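Reproduced below: model_31.cif, with mmCIF, C-alpha atoms.
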data_data
loop_
_atom_site.group_PDB
_atom_site.id
_atom_site.type_symbol
_atom_site.label_atom_id
_atom_site.label_comp_id
_atom_site.auth_asym_id
_atom_site.auth_seq_id
_atom_site.Cartn_x
_atom_site.Cartn_y
_atom_site.Cartn_z
ATOM 1 C CA MET A 1 -52.660 -6.743 33.005
ATOM 2 C CA THR A 2 -50.133 -4.409 31.373
ATOM 3 C CA VAL A 3 -48.328 -5.994 28.429
ATOM 4 C CA VAL A 4 -44.737 -5.094 27.578
ATOM 5 C CA SER A 5 -43.379 -6.088 24.179
ATOM 6 C CA VAL A 6 -39.646 -6.522 23.724
ATOM 7 C CA VAL A 7 -38.481 -6.155 20.116
ATOM 8 C CA ILE A 8 -35.115 -7.719 19.268
ATOM 9 C CA PRO A 9 -33.597 -7.382 15.773
ATOM 10 C CA VAL A 10 -31.548 -10.483 14.984
ATOM 11 C CA TYR A 11 -28.711 -10.836 12.511
ATOM 12 C CA TYR A 12 -26.286 -13.737 12.949
ATOM 13 C CA ASN A 13 -26.938 -13.932 16.699
ATOM 14 C CA ALA A 14 -27.352 -17.679 17.151
ATOM 15 C CA ALA A 15 -24.530 -17.683 19.718
ATOM 16 C CA THR A 16 -26.232 -15.150 22.002
ATOM 17 C CA LEU A 17 -29.911 -16.056 21.638
ATOM 18 C CA PRO A 18 -30.060 -18.825 24.303
ATOM 19 C CA GLU A 19 -28.488 -16.602 26.968
ATOM 20 C CA LEU A 20 -30.571 -13.609 25.916
ATOM 21 C CA LEU A 21 -33.769 -15.639 26.153
ATOM 22 C CA ARG A 22 -32.757 -16.947 29.577
ATOM 23 C CA ARG A 23 -32.209 -13.418 30.863
ATOM 24 C CA LEU A 24 -35.413 -12.085 29.294
ATOM 25 C CA ARG A 25 -37.430 -14.890 30.886
ATOM 26 C CA ALA A 26 -35.777 -14.187 34.230
ATOM 27 C CA VAL A 27 -36.824 -10.535 33.968
ATOM 28 C CA ALA A 28 -40.383 -11.519 33.044
ATOM 29 C CA ASP A 29 -40.600 -13.999 35.934
ATOM 30 C CA ARG A 30 -39.252 -11.455 38.410
ATOM 31 C CA VAL A 31 -41.717 -8.732 37.362
ATOM 32 C CA ASN A 32 -44.858 -10.803 37.726
ATOM 33 C CA THR A 33 -47.147 -7.750 37.626
ATOM 34 C CA LEU A 34 -46.522 -7.441 33.876
ATOM 35 C CA ASP A 35 -47.121 -9.683 30.889
ATOM 36 C CA PHE A 36 -44.239 -9.922 28.431
ATOM 37 C CA GLU A 37 -43.902 -10.910 24.806
ATOM 38 C CA PHE A 38 -40.553 -11.239 23.027
ATOM 39 C CA ILE A 39 -40.642 -10.363 19.334
ATOM 40 C CA PHE A 40 -37.522 -11.458 17.471
ATOM 41 C CA VAL A 41 -37.111 -10.164 13.933
ATOM 42 C CA ASP A 42 -34.607 -12.202 11.956
ATOM 43 C CA ASP A 43 -33.071 -9.908 9.335
ATOM 44 C CA ARG A 44 -32.355 -12.918 7.126
ATOM 45 C CA SER A 45 -29.495 -14.388 9.136
ATOM 46 C CA GLY A 46 -27.600 -17.303 7.658
ATOM 47 C CA ASP A 47 -26.569 -18.989 10.900
ATOM 48 C CA GLY A 48 -29.695 -20.825 12.020
ATOM 49 C CA SER A 49 -31.002 -18.049 14.254
ATOM 50 C CA PHE A 50 -34.568 -18.415 13.002
ATOM 51 C CA GLY A 51 -34.546 -22.178 13.469
ATOM 52 C CA MET A 52 -33.425 -21.710 17.062
ATOM 53 C CA LEU A 53 -36.178 -19.184 17.648
ATOM 54 C CA SER A 54 -38.708 -21.597 16.163
ATOM 55 C CA GLU A 55 -37.688 -24.238 18.687
ATOM 56 C CA HIS A 56 -37.999 -21.839 21.621
ATOM 57 C CA SER A 57 -41.376 -20.573 20.400
ATOM 58 C CA GLU A 58 -42.781 -24.117 20.590
ATOM 59 C CA ARG A 59 -41.952 -24.265 24.308
ATOM 60 C CA ASP A 60 -42.762 -20.655 25.202
ATOM 61 C CA ALA A 61 -45.696 -18.803 23.636
ATOM 62 C CA ARG A 62 -44.163 -15.488 24.698
ATOM 63 C CA VAL A 63 -41.448 -16.015 22.087
ATOM 64 C CA ARG A 64 -42.651 -14.661 18.748
ATOM 65 C CA ALA A 65 -40.476 -14.727 15.657
ATOM 66 C CA VAL A 66 -40.652 -12.962 12.313
ATOM 67 C CA ARG A 67 -38.286 -13.596 9.427
ATOM 68 C CA LEU A 68 -37.775 -11.010 6.707
ATOM 69 C CA SER A 69 -37.501 -12.045 3.070
ATOM 70 C CA ARG A 70 -34.018 -10.531 2.779
ATOM 71 C CA ASN A 71 -31.578 -8.427 4.754
ATOM 72 C CA PHE A 72 -33.297 -5.032 5.107
ATOM 73 C CA GLY A 73 -31.079 -3.608 7.856
ATOM 74 C CA SER A 74 -31.542 -3.160 11.597
ATOM 75 C CA ASN A 75 -33.723 -0.038 11.362
ATOM 76 C CA VAL A 76 -36.282 -1.820 9.185
ATOM 77 C CA ALA A 77 -36.093 -4.933 11.378
ATOM 78 C CA ILE A 78 -36.986 -2.795 14.396
ATOM 79 C CA LEU A 79 -39.851 -1.226 12.444
ATOM 80 C CA ALA A 80 -41.143 -4.714 11.585
ATOM 81 C CA GLY A 81 -41.017 -5.652 15.267
ATOM 82 C CA LEU A 82 -42.911 -2.518 16.264
ATOM 83 C CA THR A 83 -45.541 -3.381 13.661
ATOM 84 C CA TYR A 84 -46.216 -6.760 15.290
ATOM 85 C CA ALA A 85 -45.849 -5.606 18.910
ATOM 86 C CA ARG A 86 -49.076 -5.750 20.921
ATOM 87 C CA GLY A 87 -47.850 -4.323 24.201
ATOM 88 C CA ASP A 88 -48.916 -1.179 26.013
ATOM 89 C CA ALA A 89 -45.216 -0.322 25.950
ATOM 90 C CA VAL A 90 -42.531 -1.560 23.586
ATOM 91 C CA ALA A 91 -38.864 -2.004 24.457
ATOM 92 C CA VAL A 92 -36.161 -2.311 21.796
ATOM 93 C CA ILE A 93 -32.897 -4.063 22.618
ATOM 94 C CA ALA A 94 -30.048 -5.554 20.588
ATOM 95 C CA ALA A 95 -29.447 -9.303 20.544
ATOM 96 C CA ASP A 96 -25.689 -9.164 21.176
ATOM 97 C CA LEU A 97 -25.951 -8.995 25.021
ATOM 98 C CA GLN A 98 -24.061 -5.712 25.224
ATOM 99 C CA ASP A 99 -27.207 -4.067 26.582
ATOM 100 C CA PRO A 100 -28.618 -5.520 29.838
ATOM 101 C CA PRO A 101 -32.195 -6.881 29.666
ATOM 102 C CA GLU A 102 -32.279 -6.464 33.443
ATOM 103 C CA LEU A 103 -32.669 -2.720 32.867
ATOM 104 C CA ILE A 104 -36.111 -3.160 31.259
ATOM 105 C CA PRO A 105 -38.072 -2.981 34.570
ATOM 106 C CA GLU A 106 -36.457 0.401 35.309
ATOM 107 C CA LEU A 107 -37.478 1.623 31.846
ATOM 108 C CA VAL A 108 -41.018 0.389 32.502
ATOM 109 C CA GLU A 109 -41.125 2.284 35.800
ATOM 110 C CA ALA A 110 -40.161 5.522 34.052
ATOM 111 C CA TRP A 111 -42.895 4.897 31.463
ATOM 112 C CA GLN A 112 -45.456 4.215 34.181
ATOM 113 C CA ALA A 113 -44.410 7.485 35.820
ATOM 114 C CA GLY A 114 -45.490 9.363 32.684
ATOM 115 C CA ALA A 115 -42.629 9.277 30.152
ATOM 116 C CA GLU A 116 -43.726 8.180 26.690
ATOM 117 C CA VAL A 117 -40.122 7.749 25.536
ATOM 118 C CA VAL A 118 -37.518 6.219 27.835
ATOM 119 C CA LEU A 119 -33.966 6.145 26.487
ATOM 120 C CA ALA A 120 -31.353 3.770 27.867
ATOM 121 C CA ALA A 121 -28.313 5.915 27.085
ATOM 122 C CA ARG A 122 -24.745 4.717 27.292
ATOM 123 C CA ARG A 123 -22.662 6.198 30.090
ATOM 124 C CA SER A 124 -19.643 4.301 28.811
ATOM 125 C CA ARG A 125 -18.946 1.548 26.300
ATOM 126 C CA ASP A 126 -16.351 -1.232 26.324
ATOM 127 C CA ASP A 127 -15.791 -1.408 22.563
ATOM 128 C CA PRO A 128 -12.683 -1.319 20.318
ATOM 129 C CA TRP A 129 -11.122 2.140 20.048
ATOM 130 C CA LEU A 130 -12.032 2.520 16.365
ATOM 131 C CA THR A 131 -15.695 1.797 17.116
ATOM 132 C CA ARG A 132 -15.636 4.317 19.951
ATOM 133 C CA LEU A 133 -14.013 6.894 17.671
ATOM 134 C CA PHE A 134 -16.648 6.550 14.929
ATOM 135 C CA ALA A 135 -19.420 6.603 17.525
ATOM 136 C CA ALA A 136 -18.001 9.710 19.198
ATOM 137 C CA ILE A 137 -17.795 11.569 15.877
ATOM 138 C CA PHE A 138 -21.352 10.622 14.939
ATOM 139 C CA ASN A 139 -22.808 11.472 18.355
ATOM 140 C CA ARG A 140 -21.041 14.829 18.562
ATOM 141 C CA LEU A 141 -22.162 15.875 15.061
ATOM 142 C CA PHE A 142 -25.705 14.616 15.635
ATOM 143 C CA ARG A 143 -25.969 16.600 18.859
ATOM 144 C CA LYS A 144 -24.513 19.747 17.342
ATOM 145 C CA PHE A 145 -26.381 19.863 14.037
ATOM 146 C CA VAL A 146 -29.562 17.820 14.508
ATOM 147 C CA PHE A 147 -30.825 17.160 18.060
ATOM 148 C CA PRO A 148 -29.035 19.107 20.843
ATOM 149 C CA ASP A 149 -30.656 16.862 23.482
ATOM 150 C CA TYR A 150 -29.415 13.649 21.865
ATOM 151 C CA PRO A 151 -27.565 11.604 24.546
ATOM 152 C CA PRO A 152 -23.798 12.327 24.419
ATOM 153 C CA ASN A 153 -22.863 8.667 23.921
ATOM 154 C CA GLY A 154 -25.908 7.722 21.872
ATOM 155 C CA PHE A 155 -28.480 4.991 22.436
ATOM 156 C CA ASP A 156 -30.077 2.030 20.683
ATOM 157 C CA PHE A 157 -31.854 0.571 23.720
ATOM 158 C CA MET A 158 -35.177 2.170 24.614
ATOM 159 C CA LEU A 159 -38.792 1.787 25.669
ATOM 160 C CA ILE A 160 -41.671 3.678 24.037
ATOM 161 C CA SER A 161 -45.402 3.889 24.576
ATOM 162 C CA ARG A 162 -47.981 2.280 22.325
ATOM 163 C CA ARG A 163 -48.819 5.720 20.907
ATOM 164 C CA VAL A 164 -45.202 6.424 19.932
ATOM 165 C CA ALA A 165 -44.839 2.941 18.410
ATOM 166 C CA GLY A 166 -47.921 3.616 16.278
ATOM 167 C CA ILE A 167 -46.488 6.915 15.072
ATOM 168 C CA LEU A 168 -43.172 5.310 14.109
ATOM 169 C CA THR A 169 -44.855 2.563 12.122
ATOM 170 C CA SER A 170 -47.039 5.127 10.345
ATOM 171 C CA ILE A 171 -43.947 7.086 9.260
ATOM 172 C CA ALA A 172 -42.463 3.972 7.605
ATOM 173 C CA GLU A 173 -39.496 5.650 5.912
ATOM 174 C CA ARG A 174 -37.136 3.366 4.017
ATOM 175 C CA ASN A 175 -33.771 5.064 4.455
ATOM 176 C CA SER A 176 -34.032 6.675 7.830
ATOM 177 C CA TYR A 177 -32.669 6.411 11.339
ATOM 178 C CA ILE A 178 -35.337 5.098 13.668
ATOM 179 C CA PHE A 179 -33.637 6.385 16.826
ATOM 180 C CA GLY A 180 -33.569 9.819 15.214
ATOM 181 C CA GLN A 181 -37.298 9.435 14.600
ATOM 182 C CA VAL A 182 -37.754 8.711 18.295
ATOM 183 C CA MET A 183 -36.056 12.024 19.074
ATOM 184 C CA TRP A 184 -38.062 13.811 16.372
ATOM 185 C CA VAL A 185 -41.532 12.768 17.598
ATOM 186 C CA GLY A 186 -40.972 14.547 20.911
ATOM 187 C CA PHE A 187 -43.299 13.737 23.871
ATOM 188 C CA THR A 188 -42.209 13.437 27.490
ATOM 189 C CA ARG A 189 -38.793 11.843 27.579
ATOM 190 C CA HIS A 190 -36.727 10.243 30.335
ATOM 191 C CA VAL A 191 -33.121 9.032 30.160
ATOM 192 C CA VAL A 192 -31.651 6.110 32.103
ATOM 193 C CA TYR A 193 -27.865 5.717 31.941
ATOM 194 C CA TYR A 194 -25.960 2.440 31.959
ATOM 195 C CA ASP A 195 -22.524 1.030 31.086
ATOM 196 C CA ARG A 196 -22.461 -0.924 27.851
ATOM 197 C CA ALA A 197 -20.740 -4.314 28.149
ATOM 198 C CA ARG A 198 -17.988 -5.736 25.987
ATOM 199 C CA ARG A 199 -19.005 -7.908 23.040
ATOM 200 C CA GLU A 200 -18.155 -11.452 24.125
ATOM 201 C CA TYR A 201 -19.760 -13.959 21.802
ATOM 202 C CA ASP A 202 -19.251 -13.180 18.131
ATOM 203 C CA ALA A 203 -17.720 -10.584 15.860
ATOM 204 C CA SER A 204 -19.809 -7.584 14.953
ATOM 205 C CA ARG A 205 -21.238 -7.505 11.437
ATOM 206 C CA TRP A 206 -21.520 -3.732 11.624
ATOM 207 C CA THR A 207 -19.164 -3.119 8.694
ATOM 208 C CA LEU A 208 -17.623 0.179 7.611
ATOM 209 C CA ARG A 209 -19.984 0.285 4.629
ATOM 210 C CA LYS A 210 -23.008 -0.108 6.898
ATOM 211 C CA LYS A 211 -21.674 2.539 9.272
ATOM 212 C CA ALA A 212 -21.246 4.957 6.364
ATOM 213 C CA LYS A 213 -24.841 4.353 5.206
ATOM 214 C CA TYR A 214 -26.055 4.728 8.780
ATOM 215 C CA PHE A 215 -24.244 8.072 9.038
ATOM 216 C CA ILE A 216 -25.622 9.359 5.725
ATOM 217 C CA ASP A 217 -29.179 8.166 6.433
ATOM 218 C CA ALA A 218 -29.199 9.820 9.845
ATOM 219 C CA PHE A 219 -28.149 13.224 8.573
ATOM 220 C CA THR A 220 -30.120 13.298 5.321
ATOM 221 C CA ALA A 221 -33.279 12.223 7.165
ATOM 222 C CA PHE A 222 -33.196 14.959 9.800
ATOM 223 C CA SER A 223 -30.913 17.748 8.627
ATOM 224 C CA TYR A 224 -30.358 19.973 5.615
ATOM 225 C CA LEU A 225 -26.727 20.325 6.739
ATOM 226 C CA PRO A 226 -25.173 18.350 3.833
ATOM 227 C CA VAL A 227 -26.976 20.412 1.200
ATOM 228 C CA ARG A 228 -26.252 23.636 3.080
ATOM 229 C CA ALA A 229 -22.592 22.595 3.360
ATOM 230 C CA ALA A 230 -22.535 21.952 -0.387
ATOM 231 C CA SER A 231 -23.915 25.446 -1.021
ATOM 232 C CA VAL A 232 -21.349 27.035 1.295
ATOM 233 C CA LEU A 233 -18.566 25.041 -0.371
ATOM 234 C CA GLY A 234 -19.765 26.242 -3.766
ATOM 235 C CA PHE A 235 -19.789 29.890 -2.662
ATOM 236 C CA LEU A 236 -16.345 29.586 -1.070
ATOM 237 C CA LEU A 237 -14.810 28.016 -4.145
ATOM 238 C CA ALA A 238 -16.516 30.568 -6.389
ATOM 239 C CA GLY A 239 -15.098 33.361 -4.252
ATOM 240 C CA LEU A 240 -11.620 31.849 -4.259
ATOM 241 C CA GLY A 241 -11.841 31.319 -8.014
ATOM 242 C CA PHE A 242 -12.868 34.945 -8.569
ATOM 243 C CA ALA A 243 -10.046 36.208 -6.348
ATOM 244 C CA TYR A 244 -7.553 33.969 -8.129
ATOM 245 C CA ALA A 245 -8.794 35.221 -11.502
ATOM 246 C CA MET A 246 -8.349 38.852 -10.382
ATOM 247 C CA LEU A 247 -4.825 38.035 -9.216
ATOM 248 C CA ILE A 248 -3.916 36.440 -12.527
ATOM 249 C CA ILE A 249 -5.317 39.425 -14.448
ATOM 250 C CA ALA A 250 -3.374 41.868 -12.283
ATOM 251 C CA LEU A 251 -0.140 39.934 -12.659
ATOM 252 C CA ARG A 252 -0.727 39.751 -16.380
ATOM 253 C CA LEU A 253 -1.359 43.503 -16.660
ATOM 254 C CA PHE A 254 1.857 44.251 -14.812
ATOM 255 C CA GLU A 255 3.645 41.737 -17.053
ATOM 256 C CA ILE A 256 4.789 39.673 -14.096
ATOM 257 C CA ILE A 257 3.308 36.663 -15.833
ATOM 258 C CA GLN A 258 4.527 36.456 -19.404
ATOM 259 C CA GLU A 259 2.576 33.388 -20.337
ATOM 260 C CA PRO A 260 -0.231 31.780 -18.335
ATOM 261 C CA GLY A 261 1.029 28.443 -17.054
ATOM 262 C CA PHE A 262 -0.515 25.096 -17.757
ATOM 263 C CA SER A 263 -0.211 24.075 -14.076
ATOM 264 C CA ALA A 264 -2.300 27.023 -12.880
ATOM 265 C CA LEU A 265 -5.014 26.184 -15.390
ATOM 266 C CA MET A 266 -5.055 22.530 -14.325
ATOM 267 C CA VAL A 267 -5.334 23.460 -10.632
ATOM 268 C CA VAL A 268 -8.378 25.611 -11.338
ATOM 269 C CA VAL A 269 -10.019 22.946 -13.500
ATOM 270 C CA LEU A 270 -9.386 20.118 -11.050
ATOM 271 C CA VAL A 271 -10.557 22.067 -7.989
ATOM 272 C CA ALA A 272 -13.704 23.239 -9.764
ATOM 273 C CA ALA A 273 -14.478 19.783 -11.159
ATOM 274 C CA GLY A 274 -13.875 18.093 -7.809
ATOM 275 C CA SER A 275 -16.110 20.525 -5.944
ATOM 276 C CA GLN A 276 -18.863 20.077 -8.509
ATOM 277 C CA LEU A 277 -18.747 16.311 -8.073
ATOM 278 C CA VAL A 278 -18.911 16.667 -4.288
ATOM 279 C CA VAL A 279 -21.921 18.961 -4.475
ATOM 280 C CA THR A 280 -23.636 16.774 -7.077
ATOM 281 C CA GLY A 281 -23.056 13.693 -4.918
ATOM 282 C CA MET A 282 -24.624 15.340 -1.860
ATOM 283 C CA ILE A 283 -27.669 16.408 -3.841
ATOM 284 C CA GLY A 284 -27.847 12.918 -5.344
ATOM 285 C CA GLU A 285 -28.103 11.362 -1.858
ATOM 286 C CA TYR A 286 -31.258 13.365 -1.226
ATOM 287 C CA LEU A 287 -32.693 12.700 -4.682
ATOM 288 C CA TRP A 288 -32.130 8.948 -4.291
ATOM 289 C CA ARG A 289 -34.104 8.972 -1.056
ATOM 290 C CA VAL A 290 -36.911 10.921 -2.693
ATOM 291 C CA LEU A 291 -36.994 8.329 -5.489
ATOM 292 C CA GLU A 292 -37.082 5.467 -2.964
ATOM 293 C CA GLU A 293 -40.063 6.999 -1.172
ATOM 294 C CA SER A 294 -41.920 7.727 -4.416
ATOM 295 C CA ARG A 295 -41.729 4.085 -5.530
ATOM 296 C CA ARG A 296 -44.071 3.075 -2.680
ATOM 297 C CA ARG A 297 -42.550 -0.349 -2.283
ATOM 298 C CA PRO A 298 -43.263 -2.184 0.990
ATOM 299 C CA VAL A 299 -40.862 -1.116 3.705
ATOM 300 C CA PHE A 300 -40.297 -4.786 4.555
ATOM 301 C CA ILE A 301 -41.560 -8.179 3.385
ATOM 302 C CA ILE A 302 -42.248 -11.050 5.761
ATOM 303 C CA ASP A 303 -41.117 -14.530 4.778
ATOM 304 C CA ALA A 304 -42.397 -16.379 7.865
ATOM 305 C CA ALA A 305 -43.959 -15.534 11.214
ATOM 306 C CA ILE A 306 -44.361 -17.712 14.299
ATOM 307 C CA ASN A 307 -46.778 -17.078 17.181
ATOM 308 C CA VAL A 308 -47.972 -13.839 15.580
ATOM 309 C CA ASP A 309 -51.046 -13.014 13.557
ATOM 310 C CA THR A 310 -51.984 -9.703 11.976
ATOM 311 C CA PRO A 311 -49.975 -6.610 12.881
ATOM 312 C CA ALA A 312 -51.105 -4.676 15.942
ATOM 313 C CA THR A 313 -50.237 -1.446 14.129
ATOM 314 C CA THR A 314 -49.973 -0.704 10.434
ATOM 315 C CA VAL A 315 -47.321 0.646 8.136
ATOM 316 C CA SER A 316 -47.967 3.170 5.387
ATOM 317 C CA GLU A 317 -48.598 0.398 2.884
ATOM 318 C CA PRO A 318 -50.429 -2.854 3.565
ATOM 319 C CA LEU A 319 -48.234 -5.841 4.152
ATOM 320 C CA PRO A 320 -47.853 -8.061 1.094
ATOM 321 C CA ALA A 321 -50.022 -11.108 0.692
ATOM 322 C CA ASN A 322 -47.322 -13.482 1.927
ATOM 323 C CA ALA A 323 -46.837 -11.549 5.184
ATOM 324 C CA ARG A 324 -48.797 -14.098 7.197
ATOM 325 C CA LEU A 325 -47.628 -17.261 5.454
ATOM 326 C CA GLY A 326 -46.077 -19.664 7.905
ATOM 327 C CA THR A 327 -47.951 -18.155 10.869
ATOM 328 C CA ARG A 328 -48.561 -20.512 13.728
ATOM 329 C CA ASN A 329 -50.726 -19.459 16.667
#
Same coordinates, now as structure tokens:
Amino acid sequence: MTVVSVVIPVYYNAATLPELLRRLRAVADRVNTLDFEFIFVDDRSGDGSFGMLSEHSERDARVRAVRLSRNFGSNVAILAGLTYARGDAVAVIAADLQDPPELIPELVEAWQAGAEVVLAARRSRDDPWLTRLFAAIFNRLFRKFVFPDYPPNGFDFMLISRRVAGILTSIAERNSYIFGQVMWVGFTRHVVYYDRARREYDASRWTLRKKAKYFIDAFTAFSYLPVRAASVLGFLLAGLGFAYAMLIIALRLFEIIQEPGFSALMVVVLVAAGSQLVVTGMIGEYLWRVLEESRRRPVFIIDAAINVDTPATTVSEPLPANARLGTRN
């Protein structure tokens, strides 16, 4: 029988997990032609999420739980879930109940019809205006400069084939954007649209700092735009500086300027210094990511795993020795 894995990254979601599990089980019971497994990856929550998952896993063998050794971020948590997923297809859904688990059978149907990547794209979203603003800016820029076929309102709910899941786990980049990787790998793609629900249970822990890192990771991983923008900025400022220098020389020759002013000198110095710092910072973002990849550290480290054994797919480095400690079959 066809097996569908559902990967759920978890971070302070103890309030939503019981309802999410109820709805996932209802989906699995309704679609009795498929076998389901639910792989929860606890990104080192501090609210008892993993303990709750442990209790549910004792009563339901379909519930599988993995706990990371520290907070690695949602992209890495998803990668860890894909590594342990055993299904012929793998769905990825958030744990906050803003995305409907009831849509999974429709995603499965599109996969069975031949699509290796099925995106559940947002038609609308009932989020605070500031969240919608940041999301709109990111989505518009990502569509314009990286992937023109990226859904207009973005996505983080999807279903992929076993082959695509294997490719993603083999990439195993540390500071990347896994949904960008899904777009990058290509293959036959299908989009299902839905309306994203309001967040009801708990406050989002998606802070401004995390959003900024998310934005930078997404663009540095798939676009040379920041470096190209830095080059263009450098050329523009060099041109403006040359024109300003010619103007000062001309004014000096015609004795319009008797003495060069201190303020003009400071403007030139400050503009040049500021632009150099901007360009250096952009280049530094890329260099930092190169350094991270060259260190060859494990992408993630497992602290405990319940109802799972060895990974179904591998990452670029072998899992550390403690990856299977705490495993219960």
Practice problem: Find the distance between CA of Pro105 in chain A and CA of Ala28 in chain A and write it in Å to one decimal. | Solution: 9.0 Å
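Of the listed residues A:Val63, A:Leu21, A:Ile93, A:Leu130, the one whose atoms come nearest to Val308 in chain A is A:Val63, with distances taken using only C-alpha atoms.
The interatomic distance for the pair CA of Val117 in chain A and CA of Glu102 in chain A works out to 18.1 Å.
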Can you turn the PyMOL selection byres ((chain A and resi 153-164) around 8) into a concrete residue list for this file, as a compact mmCIF listing (two decimals) with C-alpha atoms, in the coordinates of the input?
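Result written to result.txt:
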# COMPACT_ATOMS: atom_id res chain seq x y z
CA GLY A 87 -47.85 -4.32 24.20
CA ASP A 88 -48.92 -1.18 26.01
CA ALA A 89 -45.22 -0.32 25.95
CA VAL A 90 -42.53 -1.56 23.59
CA ALA A 91 -38.86 -2.00 24.46
CA VAL A 92 -36.16 -2.31 21.80
CA ILE A 93 -32.90 -4.06 22.62
CA ALA A 94 -30.05 -5.55 20.59
CA ASP A 99 -27.21 -4.07 26.58
CA ILE A 104 -36.11 -3.16 31.26
CA LEU A 107 -37.48 1.62 31.85
CA VAL A 108 -41.02 0.39 32.50
CA TRP A 111 -42.90 4.90 31.46
CA GLU A 116 -43.73 8.18 26.69
CA VAL A 117 -40.12 7.75 25.54
CA VAL A 118 -37.52 6.22 27.84
CA LEU A 119 -33.97 6.14 26.49
CA ALA A 120 -31.35 3.77 27.87
CA ALA A 121 -28.31 5.92 27.08
CA ARG A 122 -24.74 4.72 27.29
CA ARG A 123 -22.66 6.20 30.09
CA SER A 124 -19.64 4.30 28.81
CA ALA A 135 -19.42 6.60 17.52
CA ALA A 136 -18.00 9.71 19.20
CA ASN A 139 -22.81 11.47 18.36
CA TYR A 150 -29.42 13.65 21.86
CA PRO A 151 -27.56 11.60 24.55
CA PRO A 152 -23.80 12.33 24.42
CA ALA A 165 -44.84 2.94 18.41
CA GLY A 166 -47.92 3.62 16.28
CA ILE A 167 -46.49 6.92 15.07
CA LEU A 168 -43.17 5.31 14.11
CA PHE A 179 -33.64 6.38 16.83
CA VAL A 182 -37.75 8.71 18.30
CA VAL A 185 -41.53 12.77 17.60
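As for CA of Val41 in chain A and CA of Arg196 in chain A, they are spaced 22.2 Å apart.
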